[in-house]
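Asks: The following block contains the structure, expressed as structure tokens.
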Amino acid sequence: MKKFTLHTGIAAPLDRANVDTDMIIPKQFLKSIKRAGFGPNLFDELRYLDEGQPDQDCSGRPLNTEFVLNQPRYAGASVLLARENFGCGSSREHAPWALDDYGFRVIIAPSFADIFYNNCFKNGLLPIVLNEAQVDQLFKEVEANQGYQLTVDLERQVVISPSGDEFAFEVDAFRKHCLLNGLDDIGLTLQYAEDIKAYETRRRQEAPWLFDAIHN
Amino acid sequence: MAGKTLYDKLWEAHLVRQNEDGSSLIYIDRQILHEVTSPQAFEGLRLAGRKPWRIDANLATPDHNVPTTARSGGVDEIVDPVSRIQVKTLDSNCDDFGIVEFKMNDTRQGIVHVVGPEQGMTLPGSTVVCGDSHTSTHGAFGALAHGIGTSEVEHVLATQCLIAKKMKNMLVRVDGELGAGVTAKDVVLHIIGVIGTAGGTGCAIEFGGSAIRSLSVEGRMTICNMAIEAGARVGLVAVDEKTIEYFRGRAFAPQGELFEQAAAAWKSLVSDADAKFDRVVEIRAEDIKPQVTWGTSPEMVVAVDGSVPNPEKESDAVKADGIRRALKYMGLSADQKITDIQLDRVFIGSCTNSRIEDLRAAAEVVKGRKVAATLKQALVVPGSGLVKAQAEAEGLDKIFIEAGMEWREPGCSMCLAMNPDKLGPGEHCASTSNRNFEGRQGFGGRTHLVSPAMAAAAAVVGHFVDVRELMAQ
Ligand code: SF4
């Protein structure tokens, strides 16, 4: 997995609550059996005026010029400012894949849906929860200042604004450790293979019906 | 010491180890796989040279993008080439790794959350995961079940475990008696209306109270199915006699003596009387009427005798803005009566409402009636091949067809429109599914979530109507 330590980038404000994963990446693109290439279809229904199709060249499609990511001042944005309950809905990991493929590294919101929040960490994307007032302040600043950039220091757990204001955030120690070092979860878990086997031996005694039951 | 909740008990029974950093390793008894969220997981496994930890803990079936029209031609005749590749990829991955799969034309095929319990793959006291957020459905049987992302699907395949953090305990208690014509779907939509789509974030919600106890296990599945729409990954209902009896004789459930042994253990799968919940919400069953969503989030819901809200009357600016945006997308006006919403299509199906009781409830309403001439389509899509066979044995298919509805093959269908069943731009649909997000049922489509009986009633008159009034006629 990609490491995340320190990041500075242009912030883009997506000013709506309850942005769901269908909105982040519509279902027709979920038919892909690959992990990459979802960036051009990130926020497809908000970003373009027509209905997108998988494997289509998006360069000639009509753009919704009102949509925030289509405004030149937010070109190359890598920090997404969002509102409450971001990433609600389906468990599709295609949502963080699309955000990552587009170039986002950080999402800042007052709250996230659980599954999406979890999926971000598996893909080197950092979701940050700040309180409503802080998020409001960032929205105001980003809208007022062209080229507004935010810095995120994961080690110190702070978001730093251009004026030097620091906003502390919480992150689970395990997830932080994995992100800082770019660790692969599966490899980590397999270090505990003996614990898993011991659990299985015990569990077979207690609940034998949960073993060897599914076969043709 | 305070007693334990059902969730506490399930969590403790599956704890493999607690890491120093506060994360835990949880053992997973069952994983269900489908074509959309598994290909990248299998690919990851291959790239790392890993093998599944336990083949017999997995079951697969394609559901999200299989066609629901006649499909005797098999996978090769799926018209959409991208869907075809995805279904074929699931088939070949399961064949390669030796995982049991109910392929598209197997009568046991169906929507993952219908198939799991139907086969006795899901069992009380087990942990169940699937790369699909509606895995919360299986909690109706006292199983700890939740959706996961594709990286976690791979993690479970490779290690039989998940790295997890304990959730909070929330209890939603519905006491009293549900009125005639008020179903499990109305109960859960009403709950979401009360607590909001983020009301259960970070929590496992246990649904209790006399109204939940009196529901059938299928009704409880409908409730737990939509726990995720209230923000909770996990929904739970305590085990009782109904739960235990449901599993007797199911294919992958224990049989004979072993069943009795399991049943004795399952009886303890209830929250202790003195268990402590972090949050409790109480709802009176008598307050619940048939529900209809008007907007683009499941919390945008009102009773069928109500009206679409007016953003001018909302004091919270972000909420008022959300209402305005939803009204625009839905093509509705503020204060419009719900019963004035004209419909283009009706969809009865999805993992929320495609089981036999749902189909019976819909058939009872349309029996001897005809679908309104103004409707373009009314689809009935059973949740599995076995549900379909049962419905046909009861003659329900004929009732639907005579009323002018289409009787289809099992799958997710218009719930998320990854297959050819979809709404056109601007079309209004009365749907028994679980999400009314923008574009969910088709680009520009407008979804209204309702119960099967309400969807059937709407099909007959062409707009929303209180099913209780229709049935009284
Ligand atoms: S029926 Fe709908 S919600 Fe259920 S699993 Fe299929 S797509 Fe998901």
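Here, A, B, ... name the chains of the structure tokens in the order displayed, residue numbers run from 1 inside each chain, and ligands are numbered from 1 in the same displayed order.
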Let me have all residues with an atom within 7 Å of ligand 1, counting only C-alpha atoms and all ligand atoms, laid out as an NGL selection string.

Replies: :B and (63-64 or 111-113 or 132 or 134 or 350-352 or 412 or 415-416 or 433-434)

Asks: Print the selection's residues with all heavy atoms to a file, as a tab-separated table (two decimals), in the first residue's frame.

Replies:
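The new file result-v1.tsv reads:
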chain	number	residue	atom	x	y	z
B	63	ASP	N	-25.29	-12.07	-8.86
B	63	ASP	CA	-26.63	-11.49	-8.67
B	63	ASP	C	-26.75	-10.06	-9.18
B	63	ASP	O	-27.76	-9.69	-9.78
B	63	ASP	CB	-27.03	-11.54	-7.18
B	63	ASP	CG	-26.05	-10.83	-6.25
B	63	ASP	OD1	-25.01	-10.33	-6.73
B	63	ASP	OD2	-26.31	-10.78	-5.03
B	64	HIS	N	-25.71	-9.25	-9.02
B	64	HIS	CA	-25.86	-7.82	-9.30
B	64	HIS	C	-26.11	-7.51	-10.77
B	64	HIS	O	-26.88	-6.64	-11.09
B	64	HIS	CB	-24.63	-7.04	-8.82
B	64	HIS	CG	-24.63	-6.78	-7.34
B	64	HIS	ND1	-24.59	-7.80	-6.42
B	64	HIS	CD2	-24.67	-5.64	-6.63
B	64	HIS	CE1	-24.61	-7.27	-5.19
B	64	HIS	NE2	-24.65	-5.96	-5.30
B	111	ILE	N	-30.12	-13.43	-5.02
B	111	ILE	CA	-29.44	-12.32	-4.37
B	111	ILE	C	-28.72	-12.86	-3.13
B	111	ILE	O	-29.32	-13.61	-2.34
B	111	ILE	CB	-30.45	-11.23	-3.95
B	111	ILE	CG1	-31.29	-10.77	-5.16
B	111	ILE	CG2	-29.73	-10.04	-3.32
B	111	ILE	CD1	-32.42	-9.83	-4.80
B	112	VAL	N	-27.45	-12.48	-2.97
B	112	VAL	CA	-26.64	-13.01	-1.88
B	112	VAL	C	-27.36	-13.05	-0.53
B	112	VAL	O	-27.27	-14.04	0.19
B	112	VAL	CB	-25.30	-12.23	-1.73
B	112	VAL	CG1	-24.28	-12.69	-2.75
B	112	VAL	CG2	-25.50	-10.72	-1.82
B	113	HIS	N	-28.07	-11.99	-0.21
B	113	HIS	CA	-28.69	-11.91	1.12
B	113	HIS	C	-29.98	-12.71	1.24
B	113	HIS	O	-30.52	-12.86	2.33
B	113	HIS	CB	-28.92	-10.44	1.51
B	113	HIS	CG	-27.70	-9.61	1.30
B	113	HIS	ND1	-26.48	-9.98	1.80
B	113	HIS	CD2	-27.49	-8.47	0.59
B	113	HIS	CE1	-25.58	-9.10	1.42
B	113	HIS	NE2	-26.16	-8.17	0.68
B	132	ASP	N	-20.74	-6.27	0.28
B	132	ASP	CA	-22.00	-5.61	-0.04
B	132	ASP	C	-22.58	-5.08	1.26
B	132	ASP	O	-22.70	-5.83	2.24
B	132	ASP	CB	-22.97	-6.62	-0.66
B	132	ASP	CG	-24.25	-5.95	-1.11
B	132	ASP	OD1	-25.10	-5.66	-0.25
B	132	ASP	OD2	-24.37	-5.67	-2.31
B	134	HIS	N	-25.45	-4.40	2.35
B	134	HIS	CA	-26.70	-4.94	2.91
B	134	HIS	C	-26.53	-6.29	3.59
B	134	HIS	O	-27.52	-6.96	3.92
B	134	HIS	CB	-27.79	-4.95	1.85
B	134	HIS	CG	-28.20	-3.56	1.48
B	134	HIS	ND1	-27.70	-2.92	0.38
B	134	HIS	CD2	-28.97	-2.67	2.15
B	134	HIS	CE1	-28.18	-1.68	0.36
B	134	HIS	NE2	-28.94	-1.50	1.42
B	350	SER	N	-35.46	-6.99	-4.88
B	350	SER	CA	-34.28	-6.59	-4.10
B	350	SER	C	-34.15	-7.39	-2.80
B	350	SER	O	-35.11	-8.01	-2.33
B	350	SER	CB	-34.26	-5.10	-3.75
B	350	SER	OG	-34.88	-4.87	-2.52
B	351	CYS	N	-32.96	-7.33	-2.21
B	351	CYS	CA	-32.70	-8.08	-0.98
B	351	CYS	C	-33.54	-7.59	0.20
B	351	CYS	O	-33.62	-8.24	1.22
B	351	CYS	CB	-31.22	-8.05	-0.63
B	351	CYS	SG	-30.56	-6.39	-0.42
B	352	THR	N	-34.18	-6.44	0.04
B	352	THR	CA	-35.05	-5.93	1.10
B	352	THR	C	-36.41	-6.65	1.06
B	352	THR	O	-36.95	-7.02	2.10
B	352	THR	CB	-35.29	-4.42	0.91
B	352	THR	OG1	-34.06	-3.80	0.59
B	352	THR	CG2	-35.86	-3.79	2.16
B	412	CYS	N	-30.57	-8.92	-8.65
B	412	CYS	CA	-30.73	-7.59	-8.05
B	412	CYS	C	-31.57	-6.66	-8.92
B	412	CYS	O	-32.24	-5.77	-8.44
B	412	CYS	CB	-29.36	-6.96	-7.82
B	412	CYS	SG	-28.37	-7.84	-6.60
B	415	CYS	N	-32.90	-2.78	-8.59
B	415	CYS	CA	-32.47	-2.19	-7.32
B	415	CYS	C	-31.30	-1.26	-7.56
B	415	CYS	O	-31.20	-0.19	-6.97
B	415	CYS	CB	-32.10	-3.26	-6.32
B	415	CYS	SG	-31.35	-2.59	-4.83
B	416	LEU	N	-30.36	-1.68	-8.42
B	416	LEU	CA	-29.26	-0.78	-8.73
B	416	LEU	C	-28.98	-0.69	-10.21
B	416	LEU	O	-28.06	0.00	-10.64
B	416	LEU	CB	-27.97	-1.12	-7.96
B	416	LEU	CG	-26.95	-2.05	-8.60
B	416	LEU	CD1	-25.65	-1.96	-7.88
B	416	LEU	CD2	-27.49	-3.44	-8.64
B	433	SER	N	-37.06	-1.56	-3.00
B	433	SER	CA	-35.63	-1.69	-2.69
B	433	SER	C	-35.27	-0.79	-1.51
B	433	SER	O	-36.13	-0.36	-0.74
B	433	SER	CB	-34.81	-1.38	-3.94
B	433	SER	OG	-35.15	-0.11	-4.44
B	434	ASN	N	-33.99	-0.45	-1.36
B	434	ASN	CA	-33.53	0.20	-0.14
B	434	ASN	C	-32.84	1.54	-0.33
B	434	ASN	O	-32.51	2.20	0.64
B	434	ASN	CB	-32.59	-0.76	0.58
B	434	ASN	CG	-31.64	-1.41	-0.42
B	434	ASN	OD1	-31.00	-0.73	-1.20
B	434	ASN	ND2	-31.56	-2.73	-0.39

Asks: Residues of chain B that approach chain A to 7 Å or less, counting only C-alpha atoms: could you list each one with the shortest pair of atoms and its distance in Å to one decimal, rows by chain and increasing residue number, as CSV?

Replies:
residue,atom,partner,partner_atom,distance
B:Val16,CA,A:Tyr199,CA,6.0
B:Asp21,CA,A:Phe174,CA,5.6
B:Ser23,CA,A:Phe174,CA,6.6
B:Asp29,CA,A:Leu210,CA,6.7
B:Val36,CA,A:Lys31,CA,6.3
B:Thr37,CA,A:Arg92,CA,6.9
B:Pro39,CA,A:Ile33,CA,5.4
B:Gln40,CA,A:Lys34,CA,6.1
B:Asp56,CA,A:Ile214,CA,5.0
B:Ala57,CA,A:Ile214,CA,6.6
B:Val82,CA,A:Lys31,CA,6.0
B:Ser83,CA,A:Lys31,CA,5.9
B:Gln86,CA,A:Lys31,CA,6.3
B:Val100,CA,A:His215,CA,6.1
B:Gly131,CA,A:Ser91,CA,6.6
B:Asp132,CA,A:Ser91,CA,5.4
B:Ser133,CA,A:Ser91,CA,4.9
B:Gly147,CA,A:Ser91,CA,6.3
B:Ile148,CA,A:Ser91,CA,6.1
B:Gly149,CA,A:Glu93,CA,5.2
B:Thr150,CA,A:Glu93,CA,5.9
B:Ser151,CA,A:Lys122,CA,6.7
B:His155,CA,A:Ile186,CA,5.6
B:Thr159,CA,A:Leu190,CA,6.6
B:Ala198,CA,A:Asn85,CA,6.5
B:Thr201,CA,A:Asp114,CA,6.5
B:Gly202,CA,A:Asp114,CA,6.4
B:Glu229,CA,A:Gly89,CA,7.0
B:Gly231,CA,A:Ala113,CA,6.6
B:Phe252,CA,A:Ala213,CA,5.6
B:Pro254,CA,A:Trp209,CA,5.6
B:Met418,CA,A:Gln28,CA,5.9
B:Arg440,CA,A:Asp22,CA,6.7
B:Phe443,CA,A:Glu51,CA,6.6

Asks: Could you pull out the helix (DSSP H, G or I) residues of range 54-184 of chain A from DSSP and send them as JSON, numbers by chain?

Replies: {"A": [58, 59, 60, 68, 69, 70, 72, 73, 74, 94, 95, 96, 97, 98, 99, 100, 101, 102, 114, 115, 116, 117, 118, 119, 120, 121, 132, 133, 134, 135, 136, 137, 138, 139, 140, 141, 142, 143, 144, 173, 174, 175, 176, 177, 178, 179, 180, 181]}

Asks: Using only C-alpha atoms, which residues sit within 7 Å of range 306-311 of chain B once same-chain residues fewer than 2 positions away are excluded, as number ranges by chain?

Replies: B: 294, 302-304, 313-314, 320, 323-324, 334-338

Asks: Output N, CA, C and O atoms for every residue in the selection just made, as a short mmCIF file (atom, residue, chain, number, x, y, z; two decimals), in the first residue's frame.

Replies:
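The file below, result_26.cif, is the result:
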data_model
loop_
_atom_site.label_atom_id
_atom_site.label_comp_id
_atom_site.auth_asym_id
_atom_site.auth_seq_id
_atom_site.Cartn_x
_atom_site.Cartn_y
_atom_site.Cartn_z
N TRP B 294 -39.83 10.50 -0.42
CA TRP B 294 -40.10 11.51 -1.45
C TRP B 294 -38.80 12.05 -2.06
O TRP B 294 -38.81 12.66 -3.12
N VAL B 302 -41.99 10.13 4.47
CA VAL B 302 -43.18 10.55 5.21
C VAL B 302 -44.24 9.45 5.10
O VAL B 302 -44.11 8.54 4.29
N ALA B 303 -45.30 9.57 5.88
CA ALA B 303 -46.40 8.61 5.78
C ALA B 303 -47.18 8.92 4.51
O ALA B 303 -47.15 10.04 4.00
N VAL B 304 -47.87 7.91 4.00
CA VAL B 304 -48.57 8.05 2.72
C VAL B 304 -49.63 9.15 2.75
O VAL B 304 -49.95 9.76 1.72
N LYS B 313 -39.77 26.05 5.44
CA LYS B 313 -40.13 25.80 6.84
C LYS B 313 -38.99 25.12 7.61
O LYS B 313 -39.14 24.80 8.78
N GLU B 314 -37.88 24.85 6.94
CA GLU B 314 -36.74 24.19 7.60
C GLU B 314 -35.76 25.24 8.09
O GLU B 314 -35.27 26.07 7.31
N ALA B 320 -32.23 22.56 4.61
CA ALA B 320 -33.13 23.23 3.67
C ALA B 320 -32.57 23.12 2.26
O ALA B 320 -33.29 22.87 1.29
N ILE B 323 -33.14 19.68 0.97
CA ILE B 323 -34.54 19.50 0.54
C ILE B 323 -34.74 20.11 -0.84
O ILE B 323 -35.30 19.49 -1.74
N ARG B 324 -34.22 21.33 -1.02
CA ARG B 324 -34.37 22.01 -2.32
C ARG B 324 -33.77 21.18 -3.44
O ARG B 324 -34.36 20.99 -4.50
N ALA B 334 -42.82 21.68 -3.28
CA ALA B 334 -43.00 21.72 -1.84
C ALA B 334 -44.49 21.59 -1.52
O ALA B 334 -45.34 22.09 -2.25
N ASP B 335 -44.80 20.89 -0.44
CA ASP B 335 -46.17 20.69 0.05
C ASP B 335 -47.06 19.83 -0.86
O ASP B 335 -48.26 19.71 -0.61
N GLN B 336 -46.49 19.27 -1.90
CA GLN B 336 -47.29 18.39 -2.77
C GLN B 336 -47.70 17.14 -1.98
O GLN B 336 -46.92 16.59 -1.19
N LYS B 337 -48.93 16.69 -2.19
CA LYS B 337 -49.39 15.49 -1.46
C LYS B 337 -48.73 14.24 -2.04
O LYS B 337 -48.58 14.10 -3.26
N ILE B 338 -48.35 13.33 -1.17
CA ILE B 338 -47.71 12.08 -1.61
C ILE B 338 -48.61 11.32 -2.59
O ILE B 338 -48.15 10.77 -3.59
#

Asks: Find the residue from A:Ala82, A:Leu125, A:Leu150, A:Ala133 that sits nearest to Ile108 in chain A; use only C-alpha atoms when measuring.

Replies: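 Closest candidate: A:Ala82.
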
Asks: Rounded to one decimal place, report the CA of Leu130 in chain A-CA of Pro110 in chain A distance in Å.

Replies: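 Distance between the two atoms: 5.2 Å.
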
Asks: Would you list the contacts of range 158-168 of chain A as a ChimeraX atom specification, taking every protein, DNA or RNA residue within 8 Å and counting only C-alpha atoms, but skipping same-chain residues closer than 4 positions in sequence?

Replies: /A:130,134,148-154

Asks: Go through A:Pro13, A:Pro127, A:Gly147, A:Gly103 one by one, measure the shortest atom-to-atom distance of each to Pro40 in chain A using only C-alpha atoms, and give the residue with the smallest value.

Replies: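 So, comparing all the options, the nearest one is A:Gly103.
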
Asks: Do you know which residues are at most 12 Å from Leu215 in chain B counting only C-alpha atoms, after dropping those on the same chain fewer than 2 positions away, and could you put them as a PyMOL selection string?

Replies: chain B and resi 140+174-178+182-185+187+207-213+217-223+237+240+242-243+285+357

Asks: Expressed in Å to a single decimal, how great is the separation between CA of Met330 in chain B and CA of Gly199 in chain B?

Replies: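 Answer for the CA of Met330 in chain B to CA of Gly199 in chain B separation: 23.9 Å.
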
Asks: Among range 13-156 of chain A, which residues does DSSP mark as strand (DSSP E) when it is run on the backbone? Keep the chain and numbering as in the structure and answer as a ChimeraX atom specification.

Replies: /A:13,79-81,106-109,126-129,149-153

Asks: Between CA of Gly125 in chain B and CA of Asp272 in chain B, what is the distance in Å, rounded to a tenth?

Replies: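 Here the two named atoms are 15.3 Å from each other.
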